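Student: The structure that follows is given in the form of structure tokens.
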Amino acid sequence: MSDMNSCGSESLKLDGSIYCGLGFGCNNDCILCVANISEKHENMSTSQMIAYFDRIIGNKNLTIQISGGEPTIRRDFLYLMEYLSVNAPRITKVLLSNGRMFCNTDFTAKVAVYPPVCVLVPLHSYEPELHDMITRRPGSFNETVLGIRNMLEYKITVIPKIIVNKLNYKLVPDFVEFVAQTFPECGAVGIDTMDLLGSAGVNKEMLKVKHTESAPYIQKAIDVAQKYGLHISVIYMPFCLVEEKYRKFITPDESIVMYKDPRDEKLTGGLTKERGTVDACGKCKYVGKCPGTWYSYFREFGYDELKPIYD
């Protein structure tokens, strides 16, 4: 195991959003996880994480996306959340979690003492059987739903989201309806396109779906969200593949500093190269605003779907 000093002691000057994976341990085993089993590292030690956090404490305009694996299963998770909250109160904390640990009321109450600004929770379907099939953990749907309810009870902001794939893309409008009716307190819902890496890449024949096939259902889902007054955001769908009135719901391109492993200095401060626009976008008027999509998607499907917009 690398010494914690391998991540250095020099302060990092950052502005924007940084993704920080606390490790690759998880209580799910999702068929669409982007983690590559052969490349998984051990979880970072507490001292390694504190050494890294100390490097970013001085930043003011920074959002840290705390992820994993599943970050909440770490024994030191509550301590790390407290440490960031007390020592870096100006840094915005966003938690990416499958929500299952929050089915424990005592755990939820403890997180609520130093809560993230929001928790993004994937639900792969409103159908328990499909969700559990994707997570490969029987009962995970019920635990996640209970976890969301507990977080809302403790006034923790939750945004349920769905990762669009071949198994669920036709269900996306009904998923948004489910969120609106089941968790009206959430007030928001997310739709993510899928990165075909890791387990998702291994299982791509079961999971991959073209954006041109899923886009009509995503547009219907936006209509459902509008009906209920839900804020909705779509991640990494090219503007040219949806009708003009729906483009405002697609999250603009955002450079996120990737820091998946605090022991790897090479990832520190580097802009992500995993997604974006491509040469085939040409002189489209939305280049610079459109997020494009995952490069793994382009490698699988090519660029023929893209229709640059010039007027």
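Each chain of the structure tokens is named A, B, ... in the order shown, its residues numbered from 1; ligands are numbered from 1 in display order.
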Let's see if you can do this: from backbone DSSP, list all strand (DSSP E) residues in range 86-300 of chain A, as a PyMOL selection string.
Tutor: chain A and resi 92-96+118-122+158-163+188-192+231-235+256-259+275-276+293-294
Student: Would you save the residues from that selection as a short mmCIF file (atom, residue, chain, number, x, y, z; two decimals), in the first residue's frame, using C-alpha atoms?
Tutor:
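And here is the file that came out, again_22.cif:
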data_model
loop_
_atom_site.label_atom_id
_atom_site.label_comp_id
_atom_site.auth_asym_id
_atom_site.auth_seq_id
_atom_site.Cartn_x
_atom_site.Cartn_y
_atom_site.Cartn_z
CA THR A 92 -20.01 22.28 -1.24
CA LYS A 93 -20.37 18.55 -0.62
CA VAL A 94 -22.43 16.41 -3.01
CA LEU A 95 -22.78 12.72 -2.18
CA LEU A 96 -23.19 10.02 -4.85
CA CYS A 118 -27.64 16.84 -1.74
CA VAL A 119 -27.45 13.08 -2.28
CA LEU A 120 -27.72 11.71 -5.83
CA VAL A 121 -29.28 8.24 -5.70
CA PRO A 122 -29.64 5.95 -8.73
CA VAL A 158 -32.21 13.82 -2.35
CA ILE A 159 -32.22 13.68 -6.15
CA PRO A 160 -33.21 10.27 -7.52
CA LYS A 161 -31.78 9.55 -10.95
CA ILE A 162 -31.96 6.87 -13.60
CA ILE A 163 -29.09 5.66 -15.78
CA ALA A 188 -35.95 17.11 -8.69
CA VAL A 189 -34.97 14.09 -10.75
CA GLY A 190 -31.99 13.24 -12.93
CA ILE A 191 -31.51 11.31 -16.16
CA ASP A 192 -28.01 10.07 -16.95
CA HIS A 231 -36.77 20.14 -11.81
CA ILE A 232 -35.16 17.72 -14.25
CA SER A 233 -31.67 17.54 -15.67
CA VAL A 234 -30.30 15.30 -18.41
CA ILE A 235 -26.62 14.40 -18.37
CA ILE A 256 -14.69 18.17 -13.63
CA VAL A 257 -11.33 17.52 -12.09
CA MET A 258 -10.98 13.77 -11.76
CA TYR A 259 -9.38 12.50 -8.58
CA ARG A 275 -16.69 12.77 -22.45
CA GLY A 276 -17.35 15.80 -24.58
CA THR A 293 -21.58 12.48 -24.63
CA TRP A 294 -19.29 9.74 -23.35
#
Student: Give me the residues near range 297-299 of chain A as number ranges by chain, where near means some atom within 8 Å (using only C-alpha atoms) and where sequence neighbours in that chain fewer than 6 positions away do not count.
Tutor: A: 194-196
Student: Could you list, as a ChimeraX atom specification, every residue within 7 Å of Pro308 in chain A, counting only C-alpha atoms and ignoring same-chain residues fewer than 6 positions away?
Tutor: /A:240,281-282,284
Student: I need the residues from that last selection saved to file as an mmCIF file, in the first residue's frame (with C-alpha atoms), if you can.
Tutor:
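Saved result, part16.cif, follows:
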data_model
loop_
_atom_site.group_PDB
_atom_site.id
_atom_site.type_symbol
_atom_site.label_atom_id
_atom_site.label_comp_id
_atom_site.auth_asym_id
_atom_site.auth_seq_id
_atom_site.Cartn_x
_atom_site.Cartn_y
_atom_site.Cartn_z
ATOM 1 C CA CYS A 240 -28.716 17.850 -31.701
ATOM 2 C CA CYS A 281 -19.671 18.250 -34.314
ATOM 3 C CA GLY A 282 -17.948 20.597 -36.755
ATOM 4 C CA CYS A 284 -22.266 23.459 -34.676
#
Student: Please determine, counting only C-alpha atoms, which residue among A:Ile57, A:Val172, A:Leu62, A:Met151 has the shortest atom-to-atom distance to Cys103 in chain A.
Tutor: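 Closest to Cys103 in chain A of all the choices is A:Met151.
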Student: Can you tell me, as JSON, numbers by chain, which residues in range 37-123 of chain A count as alpha helix (DSSP H) by DSSP?
Tutor: {"A": [46, 47, 48, 49, 50, 51, 52, 53, 54, 55, 56, 77, 78, 79, 80, 81, 82, 83, 84, 85, 86, 87, 105, 106, 107, 108, 109, 110, 111]}
Student: Using N, CA and C atoms, can you export the residues from the last selection as a compact mmCIF listing (two decimals), in the first residue's frame?
Tutor:
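The result, written out as part34.txt:
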# COMPACT_ATOMS: atom_id res chain seq x y z
N THR A 46 -8.02 6.25 5.99
CA THR A 46 -8.48 7.51 6.57
C THR A 46 -7.41 8.58 6.48
N SER A 47 -6.17 8.22 6.82
CA SER A 47 -5.09 9.21 6.80
C SER A 47 -4.82 9.71 5.39
N GLN A 48 -4.96 8.85 4.39
CA GLN A 48 -4.79 9.30 3.01
C GLN A 48 -5.87 10.30 2.61
N MET A 49 -7.10 10.01 3.01
CA MET A 49 -8.19 10.92 2.66
C MET A 49 -8.04 12.26 3.37
N ILE A 50 -7.65 12.24 4.64
CA ILE A 50 -7.46 13.50 5.36
C ILE A 50 -6.32 14.30 4.74
N ALA A 51 -5.24 13.62 4.36
CA ALA A 51 -4.13 14.31 3.71
C ALA A 51 -4.59 14.98 2.42
N TYR A 52 -5.45 14.30 1.68
CA TYR A 52 -5.97 14.90 0.45
C TYR A 52 -6.92 16.05 0.76
N PHE A 53 -7.85 15.85 1.70
CA PHE A 53 -8.78 16.92 2.04
C PHE A 53 -8.04 18.17 2.49
N ASP A 54 -6.95 17.98 3.23
CA ASP A 54 -6.18 19.13 3.70
C ASP A 54 -5.63 19.95 2.54
N ARG A 55 -5.47 19.32 1.40
CA ARG A 55 -4.93 20.04 0.24
C ARG A 55 -5.98 20.91 -0.45
N ILE A 56 -7.26 20.65 -0.22
CA ILE A 56 -8.30 21.41 -0.91
C ILE A 56 -9.08 22.33 0.02
N PHE A 77 -16.75 6.94 7.21
CA PHE A 77 -17.51 7.87 6.38
C PHE A 77 -18.02 9.06 7.18
N LEU A 78 -18.62 8.80 8.34
CA LEU A 78 -19.17 9.89 9.15
C LEU A 78 -18.07 10.84 9.60
N TYR A 79 -16.92 10.29 9.95
CA TYR A 79 -15.79 11.12 10.37
C TYR A 79 -15.32 12.00 9.22
N LEU A 80 -15.23 11.43 8.02
CA LEU A 80 -14.77 12.20 6.87
C LEU A 80 -15.74 13.33 6.53
N MET A 81 -17.03 13.06 6.63
CA MET A 81 -18.03 14.10 6.38
C MET A 81 -17.93 15.21 7.41
N GLU A 82 -17.72 14.82 8.67
CA GLU A 82 -17.56 15.82 9.72
C GLU A 82 -16.29 16.64 9.49
N TYR A 83 -15.22 15.96 9.13
CA TYR A 83 -13.94 16.65 8.92
C TYR A 83 -14.06 17.71 7.83
N LEU A 84 -14.69 17.35 6.72
CA LEU A 84 -14.87 18.31 5.64
C LEU A 84 -15.77 19.46 6.06
N SER A 85 -16.85 19.15 6.76
CA SER A 85 -17.81 20.19 7.16
C SER A 85 -17.19 21.19 8.12
N VAL A 86 -16.41 20.69 9.07
CA VAL A 86 -15.82 21.56 10.09
C VAL A 86 -14.63 22.35 9.54
N ASN A 87 -13.80 21.69 8.76
CA ASN A 87 -12.56 22.32 8.31
C ASN A 87 -12.67 23.02 6.96
N THR A 105 -32.12 4.08 10.18
CA THR A 105 -32.51 5.40 10.68
C THR A 105 -31.40 6.04 11.50
N ASP A 106 -30.73 5.26 12.33
CA ASP A 106 -29.65 5.81 13.16
C ASP A 106 -28.53 6.37 12.29
N PHE A 107 -28.17 5.65 11.23
CA PHE A 107 -27.13 6.13 10.32
C PHE A 107 -27.57 7.43 9.66
N THR A 108 -28.81 7.48 9.21
CA THR A 108 -29.32 8.68 8.55
C THR A 108 -29.27 9.88 9.49
N ALA A 109 -29.66 9.66 10.74
CA ALA A 109 -29.64 10.75 11.72
C ALA A 109 -28.23 11.28 11.92
N LYS A 110 -27.24 10.41 11.91
CA LYS A 110 -25.85 10.84 12.09
C LYS A 110 -25.35 11.63 10.88
N VAL A 111 -25.71 11.18 9.68
CA VAL A 111 -25.32 11.93 8.47
C VAL A 111 -25.95 13.31 8.48
Student: In Å, with one decimal, what is the gap from CA of Thr135 in chain A to CA of Thr251 in chain A?
Tutor: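 Taking CA of Thr135 in chain A as the start and CA of Thr251 in chain A as the end point, the length is 26.0 Å.
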